[in-house]
$ cat data14.pdb   # PDB, C-alpha atoms, pLDDT in the B column
ATOM      1  CA  MET A   1      43.089  55.214 -19.505  1.00 58.00           C
ATOM      2  CA  THR A   2      45.054  57.263 -16.988  1.00 62.00           C
ATOM      3  CA  ARG A   3      47.708  55.652 -14.812  1.00 58.00           C
ATOM      4  CA  THR A   4      45.630  56.218 -11.677  1.00 59.00           C
ATOM      5  CA  VAL A   5      42.545  54.571 -13.196  1.00 63.00           C
ATOM      6  CA  ALA A   6      44.691  51.643 -14.363  1.00 60.00           C
ATOM      7  CA  LEU A   7      46.079  51.244 -10.840  1.00 54.00           C
ATOM      8  CA  LEU A   8      42.591  51.412  -9.344  1.00 64.00           C
ATOM      9  CA  LEU A   9      41.362  48.756 -11.755  1.00 65.00           C
ATOM     10  CA  ALA A  10      44.294  46.548 -10.807  1.00 59.00           C
ATOM     11  CA  LEU A  11      43.407  47.062  -7.158  1.00 57.00           C
ATOM     12  CA  LEU A  12      39.742  46.254  -7.785  1.00 63.00           C
ATOM     13  CA  LEU A  13      40.688  43.066  -9.600  1.00 64.00           C
ATOM     14  CA  ALA A  14      43.095  42.035  -6.856  1.00 58.00           C
ATOM     15  CA  CYS A  15      40.488  42.670  -4.171  1.00 56.00           C
ATOM     16  CA  SER A  16      37.914  40.742  -6.203  1.00 56.00           C
ATOM     17  CA  GLY A  17      40.228  37.748  -6.388  1.00 51.00           C
ATOM     18  CA  ALA A  18      40.945  37.907  -2.685  1.00 51.00           C
ATOM     19  CA  SER A  19      37.221  38.088  -1.905  1.00 52.00           C
ATOM     20  CA  ALA A  20      36.718  34.616  -3.334  1.00 46.00           C
ATOM     21  CA  GLY A  21      38.572  33.204  -0.368  1.00 50.00           C
ATOM     22  CA  ARG A  22      36.871  35.444   2.202  1.00 69.00           C
ATOM     23  CA  SER A  23      33.268  34.214   2.092  1.00 89.00           C
ATOM     24  CA  GLN A  24      31.973  33.872   5.633  1.00 95.00           C
ATOM     25  CA  VAL A  25      28.951  32.146   7.090  1.00 97.00           C
ATOM     26  CA  VAL A  26      26.127  34.528   7.987  1.00 97.00           C
ATOM     27  CA  PRO A  27      23.249  34.438  10.491  1.00 97.00           C
ATOM     28  CA  ASP A  28      19.578  33.965   9.721  1.00 98.00           C
ATOM     29  CA  GLU A  29      16.345  33.785  11.729  1.00 97.00           C
ATOM     30  CA  ASP A  30      15.655  30.165  10.738  1.00 98.00           C
ATOM     31  CA  PRO A  31      15.991  28.095  13.957  1.00 98.00           C
ATOM     32  CA  ASP A  32      18.480  25.599  12.514  1.00 98.00           C
ATOM     33  CA  VAL A  33      20.545  28.323  10.869  1.00 98.00           C
ATOM     34  CA  ALA A  34      20.515  30.362  14.079  1.00 98.00           C
ATOM     35  CA  ALA A  35      21.626  27.296  16.063  1.00 98.00           C
ATOM     36  CA  GLY A  36      24.288  26.614  13.455  1.00 98.00           C
ATOM     37  CA  TRP A  37      25.503  30.195  13.751  1.00 98.00           C
ATOM     38  CA  SER A  38      25.774  29.817  17.537  1.00 98.00           C
ATOM     39  CA  ALA A  39      27.685  26.544  17.142  1.00 98.00           C
ATOM     40  CA  TYR A  40      29.989  28.107  14.572  1.00 98.00           C
ATOM     41  CA  ARG A  41      30.766  31.044  16.854  1.00 97.00           C
ATOM     42  CA  ALA A  42      31.364  28.590  19.714  1.00 98.00           C
ATOM     43  CA  ASN A  43      34.052  26.919  17.594  1.00 97.00           C
ATOM     44  CA  ASP A  44      32.005  23.767  16.964  1.00 98.00           C
ATOM     45  CA  PRO A  45      32.117  23.553  13.145  1.00 97.00           C
ATOM     46  CA  ALA A  46      30.961  19.940  13.034  1.00 97.00           C
ATOM     47  CA  ARG A  47      27.679  20.779  14.763  1.00 98.00           C
ATOM     48  CA  ALA A  48      27.331  23.947  12.673  1.00 98.00           C
ATOM     49  CA  LEU A  49      27.772  21.919   9.486  1.00 98.00           C
ATOM     50  CA  THR A  50      25.117  19.417  10.582  1.00 98.00           C
ATOM     51  CA  LEU A  51      22.622  22.149  11.370  1.00 98.00           C
ATOM     52  CA  TYR A  52      23.317  24.065   8.175  1.00 98.00           C
ATOM     53  CA  ARG A  53      22.882  20.876   6.151  1.00 98.00           C
ATOM     54  CA  LYS A  54      19.553  20.197   7.846  1.00 98.00           C
ATOM     55  CA  ALA A  55      18.260  23.659   6.943  1.00 98.00           C
ATOM     56  CA  ALA A  56      19.813  23.543   3.476  1.00 98.00           C
ATOM     57  CA  GLU A  57      17.896  20.379   2.703  1.00 98.00           C
ATOM     58  CA  ARG A  58      14.744  22.336   3.572  1.00 98.00           C
ATOM     59  CA  ASN A  59      15.774  24.829   0.858  1.00 98.00           C
ATOM     60  CA  ASN A  60      16.819  27.623   3.185  1.00 98.00           C
ATOM     61  CA  ARG A  61      19.070  29.667   0.930  1.00 98.00           C
ATOM     62  CA  VAL A  62      21.201  31.144   3.729  1.00 98.00           C
ATOM     63  CA  ALA A  63      21.865  27.645   5.068  1.00 98.00           C
ATOM     64  CA  GLN A  64      22.760  26.514   1.553  1.00 98.00           C
ATOM     65  CA  PHE A  65      25.273  29.345   1.307  1.00 98.00           C
ATOM     66  CA  ASN A  66      26.752  28.669   4.741  1.00 98.00           C
ATOM     67  CA  LEU A  67      27.015  24.955   3.997  1.00 98.00           C
ATOM     68  CA  ALA A  68      28.758  25.765   0.714  1.00 98.00           C
ATOM     69  CA  VAL A  69      31.229  28.072   2.454  1.00 98.00           C
ATOM     70  CA  MET A  70      32.150  25.388   4.971  1.00 98.00           C
ATOM     71  CA  LEU A  71      32.422  22.631   2.371  1.00 97.00           C
ATOM     72  CA  LEU A  72      34.587  24.753   0.087  1.00 97.00           C
ATOM     73  CA  SER A  73      36.921  25.764   2.891  1.00 96.00           C
ATOM     74  CA  GLY A  74      36.981  22.373   4.625  1.00 96.00           C
ATOM     75  CA  GLU A  75      36.179  23.840   8.032  1.00 94.00           C
ATOM     76  CA  ALA A  76      34.564  20.699   9.472  1.00 93.00           C
ATOM     77  CA  GLY A  77      36.593  18.084   7.634  1.00 93.00           C
ATOM     78  CA  PRO A  78      38.150  17.630   4.195  1.00 95.00           C
ATOM     79  CA  ALA A  79      37.081  20.217   1.640  1.00 96.00           C
ATOM     80  CA  ASP A  80      34.428  19.031  -0.808  1.00 97.00           C
ATOM     81  CA  PRO A  81      34.452  21.467  -3.771  1.00 97.00           C
ATOM     82  CA  VAL A  82      31.925  19.509  -5.818  1.00 98.00           C
ATOM     83  CA  ALA A  83      29.291  19.541  -3.075  1.00 98.00           C
ATOM     84  CA  GLY A  84      30.294  23.071  -2.093  1.00 98.00           C
ATOM     85  CA  VAL A  85      29.704  24.471  -5.569  1.00 98.00           C
ATOM     86  CA  SER A  86      26.450  22.527  -5.849  1.00 98.00           C
ATOM     87  CA  TRP A  87      25.065  24.061  -2.657  1.00 98.00           C
ATOM     88  CA  LEU A  88      26.391  27.488  -3.601  1.00 98.00           C
ATOM     89  CA  ARG A  89      24.578  27.278  -6.928  1.00 98.00           C
ATOM     90  CA  LYS A  90      21.338  26.244  -5.191  1.00 98.00           C
ATOM     91  CA  SER A  91      21.564  29.290  -2.942  1.00 98.00           C
ATOM     92  CA  ALA A  92      22.401  31.570  -5.871  1.00 98.00           C
ATOM     93  CA  GLU A  93      19.512  30.228  -7.919  1.00 98.00           C
ATOM     94  CA  ARG A  94      17.208  30.953  -4.989  1.00 98.00           C
ATOM     95  CA  GLY A  95      18.289  34.582  -5.215  1.00 98.00           C
ATOM     96  CA  PHE A  96      20.749  34.978  -2.329  1.00 98.00           C
ATOM     97  CA  SER A  97      23.039  37.809  -3.429  1.00 98.00           C
ATOM     98  CA  ARG A  98      26.032  36.677  -1.376  1.00 98.00           C
ATOM     99  CA  ALA A  99      25.909  33.303  -3.101  1.00 98.00           C
ATOM    100  CA  GLN A 100      25.481  34.920  -6.515  1.00 98.00           C
ATOM    101  CA  PHE A 101      28.544  37.092  -5.936  1.00 98.00           C
ATOM    102  CA  ALA A 102      30.597  34.173  -4.631  1.00 98.00           C
ATOM    103  CA  LEU A 103      29.627  32.048  -7.632  1.00 98.00           C
ATOM    104  CA  ALA A 104      30.576  34.895  -9.984  1.00 98.00           C
ATOM    105  CA  LEU A 105      34.033  35.005  -8.401  1.00 97.00           C
ATOM    106  CA  LEU A 106      34.499  31.265  -8.880  1.00 97.00           C
ATOM    107  CA  TYR A 107      33.669  31.590 -12.582  1.00 98.00           C
ATOM    108  CA  GLU A 108      35.885  34.664 -12.903  1.00 97.00           C
ATOM    109  CA  ARG A 109      38.858  32.762 -11.462  1.00 96.00           C
ATOM    110  CA  GLY A 110      38.053  29.294 -12.797  1.00 97.00           C
ATOM    111  CA  GLU A 111      38.108  27.957  -9.246  1.00 96.00           C
ATOM    112  CA  HIS A 112      36.230  24.649  -8.815  1.00 97.00           C
ATOM    113  CA  VAL A 113      34.350  25.412 -12.073  1.00 98.00           C
ATOM    114  CA  ILE A 114      35.324  25.871 -15.706  1.00 98.00           C
ATOM    115  CA  LYS A 115      36.448  29.467 -16.070  1.00 98.00           C
ATOM    116  CA  SER A 116      33.844  31.583 -17.836  1.00 98.00           C
ATOM    117  CA  GLN A 117      33.797  35.364 -17.860  1.00 98.00           C
ATOM    118  CA  GLU A 118      30.303  35.210 -19.392  1.00 98.00           C
ATOM    119  CA  GLU A 119      28.987  33.239 -16.410  1.00 98.00           C
ATOM    120  CA  ALA A 120      30.850  35.566 -14.058  1.00 98.00           C
ATOM    121  CA  THR A 121      29.144  38.566 -15.647  1.00 98.00           C
ATOM    122  CA  LEU A 122      25.742  36.890 -15.433  1.00 98.00           C
ATOM    123  CA  TRP A 123      26.071  36.205 -11.687  1.00 98.00           C
ATOM    124  CA  PHE A 124      27.649  39.579 -10.954  1.00 98.00           C
ATOM    125  CA  ARG A 125      24.592  41.181 -12.545  1.00 98.00           C
ATOM    126  CA  LYS A 126      22.120  39.109 -10.536  1.00 98.00           C
ATOM    127  CA  ALA A 127      23.809  40.168  -7.295  1.00 98.00           C
ATOM    128  CA  ALA A 128      24.363  43.754  -8.469  1.00 98.00           C
ATOM    129  CA  ASP A 129      20.654  44.096  -9.225  1.00 98.00           C
ATOM    130  CA  GLN A 130      20.084  43.395  -5.524  1.00 98.00           C
ATOM    131  CA  ASN A 131      22.421  46.259  -4.588  1.00 98.00           C
ATOM    132  CA  HIS A 132      25.367  44.036  -3.622  1.00 98.00           C
ATOM    133  CA  LEU A 133      28.240  46.537  -3.575  1.00 97.00           C
ATOM    134  CA  GLU A 134      31.114  44.256  -4.555  1.00 96.00           C
ATOM    135  CA  ALA A 135      29.021  42.715  -7.320  1.00 98.00           C
ATOM    136  CA  GLN A 136      28.300  46.170  -8.707  1.00 98.00           C
ATOM    137  CA  VAL A 137      32.045  46.853  -8.819  1.00 97.00           C
ATOM    138  CA  GLY A 138      32.663  43.465 -10.411  1.00 97.00           C
ATOM    139  CA  LEU A 139      29.985  43.991 -13.054  1.00 98.00           C
ATOM    140  CA  ALA A 140      31.202  47.509 -13.822  1.00 97.00           C
ATOM    141  CA  THR A 141      34.728  46.194 -14.284  1.00 96.00           C
ATOM    142  CA  GLN A 142      33.532  43.455 -16.633  1.00 97.00           C
ATOM    143  CA  TYR A 143      31.925  46.101 -18.863  1.00 97.00           C
ATOM    144  CA  PHE A 144      34.858  48.496 -18.518  1.00 95.00           C
ATOM    145  CA  LEU A 145      37.341  45.841 -19.673  1.00 95.00           C
ATOM    146  CA  GLY A 146      35.025  43.985 -22.042  1.00 96.00           C
ATOM    147  CA  ARG A 147      35.294  40.723 -20.086  1.00 96.00           C
ATOM    148  CA  GLY A 148      32.356  38.365 -20.440  1.00 97.00           C
ATOM    149  CA  ALA A 149      30.409  41.140 -22.171  1.00 97.00           C
ATOM    150  CA  PRO A 150      31.152  43.660 -24.935  1.00 97.00           C
ATOM    151  CA  ARG A 151      33.084  46.682 -23.684  1.00 96.00           C
ATOM    152  CA  ASP A 152      30.443  49.220 -22.717  1.00 97.00           C
ATOM    153  CA  TYR A 153      31.473  52.412 -20.929  1.00 95.00           C
ATOM    154  CA  ARG A 154      27.836  53.402 -20.460  1.00 97.00           C
ATOM    155  CA  GLN A 155      27.087  50.265 -18.484  1.00 98.00           C
ATOM    156  CA  ALA A 156      30.418  50.513 -16.689  1.00 97.00           C
ATOM    157  CA  ALA A 157      29.671  54.083 -15.643  1.00 97.00           C
ATOM    158  CA  GLN A 158      26.193  53.137 -14.458  1.00 98.00           C
ATOM    159  CA  TRP A 159      27.441  50.371 -12.177  1.00 98.00           C
ATOM    160  CA  TYR A 160      30.531  52.216 -10.930  1.00 97.00           C
ATOM    161  CA  GLU A 161      28.245  55.116 -10.058  1.00 98.00           C
ATOM    162  CA  ARG A 162      25.899  52.864  -8.093  1.00 98.00           C
ATOM    163  CA  ALA A 163      28.881  51.424  -6.223  1.00 98.00           C
ATOM    164  CA  ALA A 164      30.271  54.905  -5.616  1.00 97.00           C
ATOM    165  CA  ASP A 165      26.916  55.976  -4.208  1.00 98.00           C
ATOM    166  CA  GLN A 166      27.307  53.161  -1.686  1.00 97.00           C
ATOM    167  CA  GLY A 167      30.682  54.550  -0.631  1.00 96.00           C
ATOM    168  CA  ASP A 168      33.215  52.707  -2.789  1.00 95.00           C
ATOM    169  CA  GLU A 169      36.007  55.246  -3.245  1.00 95.00           C
ATOM    170  CA  ALA A 170      37.809  53.463  -6.105  1.00 94.00           C
ATOM    171  CA  SER A 171      34.553  53.337  -8.068  1.00 95.00           C
ATOM    172  CA  ALA A 172      33.993  57.021  -7.296  1.00 96.00           C
ATOM    173  CA  TYR A 173      37.352  57.912  -8.835  1.00 95.00           C
ATOM    174  CA  ILE A 174      36.703  55.868 -11.966  1.00 95.00           C
ATOM    175  CA  VAL A 175      33.209  57.247 -12.562  1.00 97.00           C
ATOM    176  CA  ALA A 176      34.543  60.756 -11.915  1.00 96.00           C
ATOM    177  CA  SER A 177      37.101  60.238 -14.662  1.00 95.00           C
ATOM    178  CA  LEU A 178      34.329  59.079 -16.990  1.00 96.00           C
ATOM    179  CA  TYR A 179      32.299  62.219 -16.264  1.00 97.00           C
ATOM    180  CA  GLU A 180      35.397  64.346 -16.782  1.00 95.00           C
ATOM    181  CA  LYS A 181      36.046  62.837 -20.217  1.00 95.00           C
ATOM    182  CA  GLY A 182      32.437  62.196 -21.236  1.00 96.00           C
ATOM    183  CA  GLU A 183      33.027  58.474 -21.724  1.00 95.00           C
ATOM    184  CA  GLY A 184      29.818  56.489 -21.313  1.00 96.00           C
ATOM    185  CA  VAL A 185      28.123  59.522 -19.798  1.00 97.00           C
ATOM    186  CA  GLU A 186      27.460  63.099 -20.772  1.00 97.00           C
ATOM    187  CA  GLN A 187      30.507  65.148 -19.845  1.00 96.00           C
ATOM    188  CA  SER A 188      29.955  67.003 -16.594  1.00 96.00           C
ATOM    189  CA  TYR A 189      32.657  68.708 -14.569  1.00 96.00           C
ATOM    190  CA  ALA A 190      30.114  69.147 -11.782  1.00 96.00           C
ATOM    191  CA  ARG A 191      29.533  65.383 -11.544  1.00 97.00           C
ATOM    192  CA  ALA A 192      33.265  64.772 -11.927  1.00 97.00           C
ATOM    193  CA  PHE A 193      33.934  67.150  -9.031  1.00 97.00           C
ATOM    194  CA  TYR A 194      31.290  65.422  -6.912  1.00 97.00           C
ATOM    195  CA  TYR A 195      32.720  61.936  -7.419  1.00 97.00           C
ATOM    196  CA  TYR A 196      36.372  63.013  -7.198  1.00 96.00           C
ATOM    197  CA  SER A 197      35.414  64.604  -3.885  1.00 96.00           C
ATOM    198  CA  LEU A 198      33.885  61.313  -2.723  1.00 96.00           C
ATOM    199  CA  ALA A 199      37.025  59.489  -3.785  1.00 95.00           C
ATOM    200  CA  ALA A 200      39.129  62.092  -1.962  1.00 95.00           C
ATOM    201  CA  SER A 201      37.267  61.581   1.304  1.00 93.00           C
ATOM    202  CA  GLY A 202      39.712  58.821   2.214  1.00 87.00           C
ATOM    203  CA  GLY A 203      42.703  61.048   1.558  1.00 89.00           C
ATOM    204  CA  GLU A 204      43.735  59.635  -1.839  1.00 89.00           C
ATOM    205  CA  PRO A 205      46.195  62.285  -3.159  1.00 91.00           C
ATOM    206  CA  ALA A 206      45.276  61.851  -6.836  1.00 92.00           C
ATOM    207  CA  ALA A 207      41.573  62.257  -6.041  1.00 92.00           C
ATOM    208  CA  VAL A 208      42.261  65.346  -3.931  1.00 94.00           C
ATOM    209  CA  THR A 209      44.224  66.873  -6.836  1.00 94.00           C
ATOM    210  CA  LYS A 210      41.521  66.053  -9.389  1.00 95.00           C
ATOM    211  CA  ALA A 211      38.755  67.415  -7.151  1.00 96.00           C
ATOM    212  CA  ARG A 212      40.621  70.709  -6.909  1.00 95.00           C
ATOM    213  CA  GLU A 213      41.158  70.713 -10.670  1.00 95.00           C
ATOM    214  CA  MET A 214      37.433  70.219 -11.322  1.00 95.00           C
ATOM    215  CA  ARG A 215      36.543  72.895  -8.753  1.00 94.00           C
ATOM    216  CA  ASP A 216      38.824  75.334 -10.539  1.00 93.00           C
ATOM    217  CA  LYS A 217      37.236  74.522 -13.889  1.00 91.00           C
ATOM    218  CA  LEU A 218      33.771  75.072 -12.460  1.00 92.00           C
ATOM    219  CA  GLY A 219      34.859  78.420 -11.044  1.00 83.00           C
ATOM    220  CA  ARG A 220      36.000  79.826 -14.385  1.00 70.00           C
TER     221      ARG A 220
END

$ encode --input "data14.pdb" --output "structure tokens"
Amino acid sequence: MTRTVALLLALLLACSGASAGRSQVVPDEDPDVAAGWSAYRANDPARALTLYRKAAERNNRVAQFNLAVMLLSGEAGPADPVAGVSWLRKSAERGFSRAQFALALLYERGEHVIKSQEEATLWFRKAADQNHLEAQVGLATQYFLGRGAPRDYRQAAQWYERAADQGDEASAYIVASLYEKGEGVEQSYARAFYYYSLAASGGEPAAVTKAREMRDKLGR
């Protein structure tokens, strides 16, 4: 593993950990959820919580997620992690990708649940299958490091590539390095050049250098 890839992985892991505390309520067309969203934006969390709970009890998965977010963060009173995780799980089980990703992060960190990389991988995959960008990065990293699943560069490359195709520059650099070395994928300097170029679009010096290196190899 090159130093740059190691640094990018460290950054991805740090960002993943930070994301666990950044879950935000989201809007929905359901009348109660929409009213809750308006109350939340009007700085009335107590009313928002009441409305989200009403919709959550009707099995609206967005309301269940929003209720979980507020209970976990204690926005309308004391935090209630037990109820928060329960509602988050209900939303995740009903297929809401944001909830699935958030639940994966809790298992990854052992926050409010017993730490389990296997459970983290399971929920990352459920969200990743729905094209959730951060979940795709999380799942790829689980396979790359062999956390909660056997180390599998083929699977890691697949999910980093899907994240890169959604614009994640760190994933683009990692999958480029895999194409360059032929790890988990068939070696291809053309694909390496493509993904190093994507990674370089934000001005990352190492990616710019590698893109030029691949271009030179292709020109020989």

$ atom_distance --input "data14.pdb" --atom1 "CA of Ala127 in chain A" --atom2 "CA of Ser38 in chain A"
27.0 Å

$ residues_around --input "data14.pdb" --residues "range 83-86 of chain A" --least-positions-apart "2" --cutoff "12 Å" --atoms "all atoms listed in the file" --output "PyMOL selection string"
chain A and resi 49+53+56+63-75+78-81+88-93+99-100+102-107+111-114

$ atom_distance --input "data14.pdb" --atom1 "CA of Lys54 in chain A" --atom2 "CA of Trp123 in chain A"
26.1 Å

$ resolve_selection --input "data14.pdb" --expression "the PyMOL selection byres ((chain A and resi 200-212) around 12)" --output "PyMOL selection string"
chain A and resi 2-5+7-8+164+167-177+180+189-199+213-219

$ closest_residue --input "data14.pdb" --among "A:Arg109, A:His132, A:Lys126, A:Arg98" --to "Ala163 in chain A" --atoms "all atoms listed in the file"
A:His132

$ atom_distance --input "data14.pdb" --atom1 "CA of Gly148 in chain A" --atom2 "CA of Val62 in chain A"
27.6 Å

$ residues_around --input "data14.pdb" --residues "Arg154 in chain A" --least-positions-apart "6" --cutoff "12 Å" --atoms "only C-alpha atoms" --output "MDAnalysis selection string"
chainID A and resid 140:141 143:144 146 160:161 175 178:179 182:186

$ closest_residue --input "data14.pdb" --among "A:Arg125, A:Pro27, A:Gln130, A:Val82" --to "Gln155 in chain A" --atoms "only C-alpha atoms"
A:Arg125

$ resolve_selection --input "data14.pdb" --expression "the PyMOL selection byres ((chain A and resi 39) around 12)" --output "PDB file with C-alpha atoms, in the coordinates of the input"
ATOM      1  CA  VAL A  25      28.951  32.146   7.090  1.00 97.00           C
ATOM      2  CA  PRO A  27      23.249  34.438  10.491  1.00 97.00           C
ATOM      3  CA  ASP A  32      18.480  25.599  12.514  1.00 98.00           C
ATOM      4  CA  VAL A  33      20.545  28.323  10.869  1.00 98.00           C
ATOM      5  CA  ALA A  34      20.515  30.362  14.079  1.00 98.00           C
ATOM      6  CA  ALA A  35      21.626  27.296  16.063  1.00 98.00           C
ATOM      7  CA  GLY A  36      24.288  26.614  13.455  1.00 98.00           C
ATOM      8  CA  TRP A  37      25.503  30.195  13.751  1.00 98.00           C
ATOM      9  CA  SER A  38      25.774  29.817  17.537  1.00 98.00           C
ATOM     10  CA  TYR A  40      29.989  28.107  14.572  1.00 98.00           C
ATOM     11  CA  ARG A  41      30.766  31.044  16.854  1.00 97.00           C
ATOM     12  CA  ALA A  42      31.364  28.590  19.714  1.00 98.00           C
ATOM     13  CA  ASN A  43      34.052  26.919  17.594  1.00 97.00           C
ATOM     14  CA  ASP A  44      32.005  23.767  16.964  1.00 98.00           C
ATOM     15  CA  PRO A  45      32.117  23.553  13.145  1.00 97.00           C
ATOM     16  CA  ALA A  46      30.961  19.940  13.034  1.00 97.00           C
ATOM     17  CA  ARG A  47      27.679  20.779  14.763  1.00 98.00           C
ATOM     18  CA  ALA A  48      27.331  23.947  12.673  1.00 98.00           C
ATOM     19  CA  LEU A  49      27.772  21.919   9.486  1.00 98.00           C
ATOM     20  CA  THR A  50      25.117  19.417  10.582  1.00 98.00           C
ATOM     21  CA  LEU A  51      22.622  22.149  11.370  1.00 98.00           C
ATOM     22  CA  TYR A  52      23.317  24.065   8.175  1.00 98.00           C
ATOM     23  CA  ALA A  76      34.564  20.699   9.472  1.00 93.00           C
TER      24      ALA A  76
END

$ closest_residue --input "data14.pdb" --among "A:Asn59, A:Pro31, A:Gly95, A:Gln142" --to "Asp129 in chain A" --atoms "only C-alpha atoms"
A:Gly95

$ closest_residue --input "data14.pdb" --among "A:Gln166, A:Asp152, A:Trp159, A:Arg94" --to "Phe124 in chain A" --atoms "all atoms listed in the file"
A:Trp159

$ decode --input "data14.pdb" --residues "range 149-161 of chain A" --atoms "N, CA and C atoms" --output "short mmCIF file (atom, residue, chain, number, x, y, z; two decimals), in the first residue's frame"
data_model
loop_
_atom_site.label_atom_id
_atom_site.label_comp_id
_atom_site.auth_asym_id
_atom_site.auth_seq_id
_atom_site.Cartn_x
_atom_site.Cartn_y
_atom_site.Cartn_z
N ALA A 149 -15.54 -8.56 6.97
CA ALA A 149 -15.63 -9.40 5.77
C ALA A 149 -14.21 -9.78 5.41
N PRO A 150 -14.01 -10.92 4.74
CA PRO A 150 -12.64 -11.27 4.31
C PRO A 150 -12.09 -10.19 3.39
N ARG A 151 -10.78 -9.94 3.50
CA ARG A 151 -10.17 -8.96 2.59
C ARG A 151 -10.39 -9.40 1.16
N ASP A 152 -10.89 -8.49 0.34
CA ASP A 152 -11.27 -8.84 -1.03
C ASP A 152 -11.06 -7.61 -1.90
N TYR A 153 -9.92 -7.55 -2.59
CA TYR A 153 -9.61 -6.39 -3.41
C TYR A 153 -10.55 -6.27 -4.61
N ARG A 154 -11.10 -7.39 -5.06
CA ARG A 154 -12.05 -7.32 -6.17
C ARG A 154 -13.31 -6.58 -5.76
N GLN A 155 -13.84 -6.94 -4.61
CA GLN A 155 -15.02 -6.25 -4.11
C GLN A 155 -14.69 -4.80 -3.75
N ALA A 156 -13.53 -4.60 -3.16
CA ALA A 156 -13.12 -3.23 -2.81
C ALA A 156 -13.06 -2.37 -4.05
N ALA A 157 -12.43 -2.89 -5.10
CA ALA A 157 -12.31 -2.13 -6.34
C ALA A 157 -13.68 -1.82 -6.93
N GLN A 158 -14.57 -2.79 -6.89
CA GLN A 158 -15.90 -2.60 -7.45
C GLN A 158 -16.63 -1.44 -6.77
N TRP A 159 -16.56 -1.41 -5.44
CA TRP A 159 -17.31 -0.39 -4.71
C TRP A 159 -16.59 0.95 -4.71
N TYR A 160 -15.26 0.96 -4.68
CA TYR A 160 -14.56 2.24 -4.83
C TYR A 160 -14.84 2.84 -6.21
N GLU A 161 -14.91 1.97 -7.22
CA GLU A 161 -15.17 2.47 -8.57
C GLU A 161 -16.56 3.08 -8.66
#
